[in-house]
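Novice: Please see the structure below; I have some questions.
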Amino acid sequence: MSQPEKTRVNPSLEVCMAMPLSTAQPVGGSGSRRQSPPAAPPTLPPLQAPRLLDQLRERIRLLHYSRSTEDAYVHWCKAFIRFHGCQHPKDLGGPQVEAFLTWLAGERQLAPASHKQALSALLFLYAKVLGVNLPWMQDIGRPRVKKRLPVVLSHGEVSAVLRQLDGVHRLFAQLLYGTGLRISEGLQLRVKDVDFAHSAIVVREGKGGKDRIVMLPQALVCGLREQLARSHDLWLADQAGGRGGVEMPHALDAKYPRAGASWPWFWVFPQDHHATDPRSGVVRRHHLYDQTFQRAFKRAVHAAGIAKAATPHTLRHCFATHLLQAGSDIRTVQDLLGHADVATTMIYTHVLKLGGGAVRSPLDAL
């Protein structure tokens with residue numbers, strides 16, 4: 001998911017959105033023959049929160065959207081309301097949505113992916129929160145997201161970056177490159193998901209809520225065992241201090257109250273301190289922060305002298321490309337990456353067409 005742009009919201013915006021939500025009238029007038037939009041989809045329960053943004057969060061969590069999606073949707077809805085002078089979205093309609101999106105594309109020069117994300121946020125707000133399902137919602141043009149070739153490092157460049165990392169950051173980078181995990185999937189690994197006996201790692205609820213199994217590189221066995229030993233020390237300290245317990249998915253903490261404090265559910269890469277959960281307000285130990293590793297990786301790329309726009313996600317691209325270069329079947333790579341369509345995996349074959357025994361430049365024949 002693209003990171004949303006940061007938009008400053010004035011304090012009066014929160015006051016505007018603190019008003020209780022009233023029944024939305026049809027946009028464009030209230031003619032006697034016009035049919036009012038449905039109050040809410042029949043499959044969704046009534047909203048309980050009185051404030052608009054809280055209602056948005058409530059609906060997002062009901063539908064089990066990710067926390068990053070929640071943050072992005074709230075951000076774009078705030079920006080939309082601020083753009084229209086703190087008017088309530090129920091008093092706005094299709095022309096106002098198009099005006100906002102045009103401003104994002106023209107004045108802010110927003111990338112197509114972020115533009116599409118903003119549109120999705122507004123459609124969710126109107127359809128799922130305000131209960132407005134009007135024809136203009138389907139008529140708004142969707143920006144075309146152009147396919148971009150992924151940045152891929154060579155084997156030597158990957159080694160150079162890894163040498164610039166140390167400690168848990170180096171181990172985590174090796175894990176991403178050795179298994180093709182997304183950074184969020186690696187950070188959310190639990191102790192029970194590392195299977196040394198079968199040399200496998202179980203990825204729980206990856207992108208799209210799907211589970212999959214990837215290989216456990218033998219080169220990481222020793223490092224992961226040492227990391228688990230350090231994690232176990234933190235777990236014991238939490239238990240001794242009466243602060244045991246980590247975040248549990250869905251309602252498992254209610255179904256199994258003691259599971260969150262058990263060792264199998266503990267993080268493989270825990271944070272070294274406790275923090276407050278932004279949703280529940282509970283103080284507990286979270287996994288390693290993604291921003292911490294991203295900053296360390298950026299410094300490592302710079303120190304290695306690599307002039308490429310490499311990010312932690314680049315290690316996933318390298319994993320796929322290097323497997324294909326080594327002769328792995330593309331269907332196998334598709335399963336390891338968790339792609340629903342092999343066409344998504346095909347993007348990594350671009351490197352196979354460049355140099356190294358592929359098409360030869362006519363300049364080299366002179």
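Note on naming: chains are A, B, ... as they come in the structure tokens, residues start from 1 per chain, ligands start from 1 in the order shown.
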Skipping near chain neighbours, those fewer than 3 positions away, what residues fall within 12 Å of Gly223 (chain A) using only C-alpha atoms, listed as number ranges by chain?
Specialist: A: 166-175, 216-220, 226-230, 268
Novice: Got a sec: who's within 10 Å of region 272-289 of chain A, counting only C-alpha atoms, leaving out chain neighbours fewer than 6 positions off, as a ChimeraX atom specification?
Specialist: /A:57,61,67,168-169,184,186-190,231,234-235,238,243-247,266
Novice: Using N, CA, C and O atoms, can you write the selected residues to a file as a compact mmCIF listing (two decimals), in the first residue's frame?
Specialist:
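So the final result, stored in out22.txt, reads:
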```
# COMPACT_ATOMS: atom_id res chain seq x y z
N ARG A 57 -13.79 4.50 11.66
CA ARG A 57 -12.91 3.48 12.25
C ARG A 57 -13.72 2.25 12.68
O ARG A 57 -13.26 1.11 12.51
N ARG A 61 -12.99 -1.54 11.19
CA ARG A 61 -12.62 -2.65 12.06
C ARG A 61 -13.64 -3.78 12.00
O ARG A 61 -13.28 -4.95 12.11
N ARG A 67 -4.72 -2.26 9.81
CA ARG A 67 -4.52 -0.99 10.51
C ARG A 67 -3.95 0.07 9.58
O ARG A 67 -4.29 1.25 9.69
N VAL A 168 19.91 -7.47 15.13
CA VAL A 168 18.59 -7.93 14.73
C VAL A 168 18.20 -7.40 13.36
O VAL A 168 17.47 -8.06 12.62
N HIS A 169 18.71 -6.23 12.98
CA HIS A 169 18.39 -5.67 11.66
C HIS A 169 19.00 -6.52 10.55
O HIS A 169 18.37 -6.73 9.50
N SER A 184 5.79 -6.45 6.79
CA SER A 184 4.77 -6.63 7.83
C SER A 184 4.63 -8.09 8.22
O SER A 184 4.40 -8.41 9.40
N GLY A 186 7.03 -10.34 8.17
CA GLY A 186 8.18 -10.71 8.98
C GLY A 186 8.08 -10.17 10.40
O GLY A 186 8.41 -10.86 11.37
N LEU A 187 7.62 -8.94 10.54
CA LEU A 187 7.51 -8.34 11.86
C LEU A 187 6.47 -9.03 12.72
O LEU A 187 6.61 -9.09 13.94
N GLN A 188 5.42 -9.56 12.11
CA GLN A 188 4.33 -10.17 12.86
C GLN A 188 4.50 -11.67 13.07
O GLN A 188 3.57 -12.34 13.50
N LEU A 189 5.69 -12.19 12.80
CA LEU A 189 5.94 -13.61 13.04
C LEU A 189 5.83 -13.93 14.53
O LEU A 189 6.35 -13.20 15.38
N ARG A 190 5.18 -15.03 14.85
CA ARG A 190 5.09 -15.53 16.23
C ARG A 190 6.04 -16.71 16.39
O ARG A 190 6.46 -17.35 15.42
N SER A 231 14.34 -13.24 22.71
CA SER A 231 12.91 -12.98 22.87
C SER A 231 12.35 -13.67 24.11
O SER A 231 11.50 -13.13 24.81
N LEU A 234 12.97 -11.65 27.18
CA LEU A 234 12.00 -10.56 27.32
C LEU A 234 10.64 -11.08 27.78
O LEU A 234 9.96 -10.44 28.59
N TRP A 235 10.27 -12.23 27.27
CA TRP A 235 9.00 -12.83 27.66
C TRP A 235 9.00 -13.18 29.14
O TRP A 235 8.02 -12.93 29.85
N ASP A 238 8.62 -10.04 31.16
CA ASP A 238 7.22 -9.56 31.16
C ASP A 238 6.37 -10.38 32.11
O ASP A 238 5.50 -9.84 32.81
N ARG A 243 3.35 -8.10 33.22
CA ARG A 243 2.99 -7.33 32.04
C ARG A 243 2.98 -8.22 30.79
O ARG A 243 3.23 -7.77 29.69
N GLY A 244 2.74 -9.49 31.00
CA GLY A 244 2.70 -10.41 29.88
C GLY A 244 1.50 -10.17 28.99
O GLY A 244 0.49 -9.61 29.40
N GLY A 245 1.63 -10.62 27.77
CA GLY A 245 0.53 -10.49 26.84
C GLY A 245 0.88 -9.65 25.63
O GLY A 245 1.43 -8.55 25.77
N VAL A 246 0.60 -10.16 24.46
CA VAL A 246 0.82 -9.44 23.22
C VAL A 246 -0.51 -9.34 22.48
O VAL A 246 -1.50 -9.98 22.86
N GLU A 247 -0.54 -8.56 21.44
CA GLU A 247 -1.76 -8.39 20.66
C GLU A 247 -2.16 -9.71 20.01
O GLU A 247 -1.32 -10.42 19.46
N PHE A 266 4.24 -15.29 21.40
CA PHE A 266 5.12 -14.13 21.55
C PHE A 266 5.78 -13.80 20.22
O PHE A 266 5.91 -14.65 19.33
```
Novice: Between A:Ala105, A:Val129, A:Met215, A:Ala79, single out the one closest to Leu62 (chain A), counting only C-alpha atoms.
Specialist: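 For Leu62 (chain A), the nearest of the given residues is A:Val129.
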Novice: Please give the complete set of residues from region 217-289 of chain A that DSSP, run on the backbone, assigns to alpha helix (DSSP H), formatted as a list in words.
Specialist: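 The alpha helix (DSSP H) residues within region 217-289 of chain A come out as Val221, Cys222, Gly223, Leu224, Arg225, Glu226, Gln227, Leu228, Ala229, Arg230, Ser231, His232, Asp233, Leu234, Trp235, Leu236, Ala237, Asp238, Gln239, Ala240, Leu252, Asp253, Ala254 and Lys255 of chain A.
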Novice: Store the residues picked out above, limited to N, CA, C and O atoms, as a CSV table (one decimal), in the first residue's frame.
Specialist:
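Saved to result_24.csv:
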```
chain,number,residue,atom,x,y,z
A,221,VAL,N,19.1,-20.7,10.6
A,221,VAL,CA,18.6,-21.5,11.7
A,221,VAL,C,19.3,-21.0,13.0
A,221,VAL,O,18.7,-20.8,14.0
A,222,CYS,N,20.6,-20.9,12.9
A,222,CYS,CA,21.4,-20.5,14.1
A,222,CYS,C,21.0,-19.1,14.6
A,222,CYS,O,20.8,-18.9,15.8
A,223,GLY,N,20.9,-18.2,13.6
A,223,GLY,CA,20.5,-16.8,14.0
A,223,GLY,C,19.1,-16.7,14.6
A,223,GLY,O,18.9,-15.9,15.5
A,224,LEU,N,18.2,-17.4,14.0
A,224,LEU,CA,16.8,-17.4,14.6
A,224,LEU,C,16.7,-18.0,15.9
A,224,LEU,O,16.0,-17.6,16.8
A,225,ARG,N,17.5,-19.1,16.2
A,225,ARG,CA,17.5,-19.7,17.5
A,225,ARG,C,18.1,-18.7,18.5
A,225,ARG,O,17.5,-18.6,19.7
A,226,GLU,N,19.1,-18.0,18.2
A,226,GLU,CA,19.6,-17.0,19.1
A,226,GLU,C,18.6,-15.8,19.3
A,226,GLU,O,18.5,-15.3,20.4
A,227,GLN,N,17.9,-15.5,18.3
A,227,GLN,CA,16.9,-14.4,18.4
A,227,GLN,C,15.8,-14.9,19.3
A,227,GLN,O,15.3,-14.1,20.1
A,228,LEU,N,15.4,-16.1,19.1
A,228,LEU,CA,14.3,-16.6,20.0
A,228,LEU,C,14.8,-16.7,21.5
A,228,LEU,O,13.9,-16.5,22.4
A,229,ALA,N,16.0,-17.0,21.7
A,229,ALA,CA,16.5,-17.0,23.1
A,229,ALA,C,16.4,-15.6,23.7
A,229,ALA,O,16.1,-15.4,24.8
A,230,ARG,N,16.8,-14.6,22.9
A,230,ARG,CA,16.7,-13.2,23.4
A,230,ARG,C,15.2,-12.8,23.6
A,230,ARG,O,14.8,-12.1,24.6
A,231,SER,N,14.3,-13.2,22.7
A,231,SER,CA,12.9,-13.0,22.9
A,231,SER,C,12.4,-13.7,24.1
A,231,SER,O,11.5,-13.1,24.8
A,232,HIS,N,12.9,-14.9,24.4
A,232,HIS,CA,12.4,-15.6,25.6
A,232,HIS,C,12.8,-14.9,26.8
A,232,HIS,O,12.0,-14.9,27.8
A,233,ASP,N,13.9,-14.3,26.9
A,233,ASP,CA,14.3,-13.5,28.0
A,233,ASP,C,13.4,-12.3,28.3
A,233,ASP,O,13.0,-12.0,29.4
A,234,LEU,N,13.0,-11.6,27.2
A,234,LEU,CA,12.0,-10.6,27.3
A,234,LEU,C,10.6,-11.1,27.8
A,234,LEU,O,10.0,-10.4,28.6
A,235,TRP,N,10.3,-12.2,27.3
A,235,TRP,CA,9.0,-12.8,27.7
A,235,TRP,C,9.0,-13.2,29.1
A,235,TRP,O,8.0,-12.9,29.8
A,236,LEU,N,10.1,-13.7,29.6
A,236,LEU,CA,10.2,-14.1,31.1
A,236,LEU,C,10.1,-12.8,31.9
A,236,LEU,O,9.5,-12.8,33.0
A,237,ALA,N,10.8,-11.7,31.4
A,237,ALA,CA,10.8,-10.5,32.2
A,237,ALA,C,9.3,-9.9,32.3
A,237,ALA,O,8.9,-9.4,33.3
A,238,ASP,N,8.6,-10.0,31.2
A,238,ASP,CA,7.2,-9.6,31.2
A,238,ASP,C,6.4,-10.4,32.1
A,238,ASP,O,5.5,-9.8,32.8
A,239,GLN,N,6.6,-11.7,32.1
A,239,GLN,CA,5.8,-12.5,33.0
A,239,GLN,C,6.1,-12.2,34.5
A,239,GLN,O,5.2,-12.2,35.3
A,240,ALA,N,7.4,-12.0,34.8
A,240,ALA,CA,7.8,-11.7,36.1
A,240,ALA,C,7.2,-10.4,36.6
A,240,ALA,O,6.9,-10.2,37.8
A,252,LEU,N,-9.5,-13.6,19.5
A,252,LEU,CA,-8.9,-14.8,20.2
A,252,LEU,C,-8.5,-14.5,21.6
A,252,LEU,O,-8.5,-15.4,22.4
A,253,ASP,N,-8.3,-13.2,21.9
A,253,ASP,CA,-7.9,-12.9,23.3
A,253,ASP,C,-9.2,-13.1,24.2
A,253,ASP,O,-9.0,-13.4,25.4
A,254,ALA,N,-10.4,-13.0,23.6
A,254,ALA,CA,-11.6,-13.3,24.4
A,254,ALA,C,-11.9,-14.8,24.5
A,254,ALA,O,-12.3,-15.3,25.5
A,255,LYS,N,-11.6,-15.5,23.4
A,255,LYS,CA,-11.8,-16.9,23.4
A,255,LYS,C,-10.8,-17.7,24.2
A,255,LYS,O,-11.1,-18.7,24.9
```
Novice: Can you tell me which residues surround Leu53 (chain A) at a distance of at most 10 Å, considering only C-alpha atoms, apart from same-chain residues fewer than 3 positions away, and format the answer as a PyMOL selection string?
Specialist: chain A and resi 14+17-18+49-50+56-59+73-75+77-78+125+129
Novice: Quote the spacing between CA of Asp211 (chain A) and CA of Pro249 (chain A) in Å to one decimal place.
Specialist: 13.6 Å
Novice: Work out how far CA of Val301 (chain A) is from CA of Gly156 (chain A), in Å to one decimal.
Specialist: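 Rounded to one decimal, the two atoms are 12.4 Å apart.
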Novice: At what distance in Å, to one decimal, does CA of Lys116 (chain A) lie from CA of Phe80 (chain A)?
Specialist: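 Rounded to one decimal, the two atoms are 13.9 Å apart.
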Novice: Out of A:His84, A:Ala303, A:Thr314, A:Thr69, which residue has the shortest atom-to-atom distance to Ala160 (chain A) when counting only C-alpha atoms?
Specialist: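 Selected residue with least distance to Ala160 (chain A): A:Ala303.
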Novice: Identify which of the residues A:Leu337, A:Ala309, A:Ala118, A:Ala261 lies closest to Glu185 (chain A), counting only C-alpha atoms when measuring atom-to-atom distances.
Specialist: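 Looking only at the distances to Glu185 (chain A), the closest residue turns out to be A:Leu337.
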Novice: Which neighbours of Leu149 (chain A) fall inside 10 Å, counting only C-alpha atoms, when residues of the same chain fewer than 2 positions from it are skipped, and could you give them as a list in words?
Specialist: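 Listed by chain and then number, they are Lys146, Lys147, Val151, Val152, Ile347, Tyr348, His350 and Val351 of chain A.
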Novice: How about saving the chosen residues, N, CA, C and O atoms kept, as a short mmCIF file (atom, residue, chain, number, x, y, z; two decimals), in the first residue's frame?
Specialist:
```
data_model
loop_
_atom_site.label_atom_id
_atom_site.label_comp_id
_atom_site.auth_asym_id
_atom_site.auth_seq_id
_atom_site.Cartn_x
_atom_site.Cartn_y
_atom_site.Cartn_z
N LYS A 146 0.00 2.72 -13.63
CA LYS A 146 0.92 2.14 -14.60
C LYS A 146 1.86 1.16 -13.93
O LYS A 146 2.33 1.39 -12.80
N LYS A 147 2.13 0.09 -14.62
CA LYS A 147 3.03 -0.92 -14.08
C LYS A 147 4.48 -0.42 -14.14
O LYS A 147 4.93 0.06 -15.17
N VAL A 151 12.66 -2.49 -8.49
CA VAL A 151 14.11 -2.36 -8.29
C VAL A 151 14.64 -3.69 -7.77
O VAL A 151 14.13 -4.25 -6.80
N VAL A 152 15.67 -4.20 -8.43
CA VAL A 152 16.26 -5.48 -8.06
C VAL A 152 17.77 -5.30 -7.90
O VAL A 152 18.43 -4.72 -8.76
N ILE A 347 6.11 -10.23 -13.55
CA ILE A 347 6.86 -8.98 -13.62
C ILE A 347 8.33 -9.20 -13.32
O ILE A 347 9.20 -8.45 -13.78
N TYR A 348 8.64 -10.27 -12.58
CA TYR A 348 10.03 -10.51 -12.20
C TYR A 348 10.85 -11.15 -13.32
O TYR A 348 12.06 -11.30 -13.18
N HIS A 350 11.44 -9.75 -15.99
CA HIS A 350 12.05 -8.70 -16.79
C HIS A 350 13.57 -8.75 -16.72
O HIS A 350 14.25 -8.46 -17.70
N VAL A 351 14.10 -9.15 -15.58
CA VAL A 351 15.56 -9.19 -15.43
C VAL A 351 16.15 -10.31 -16.28
O VAL A 351 17.27 -10.21 -16.76
#
```
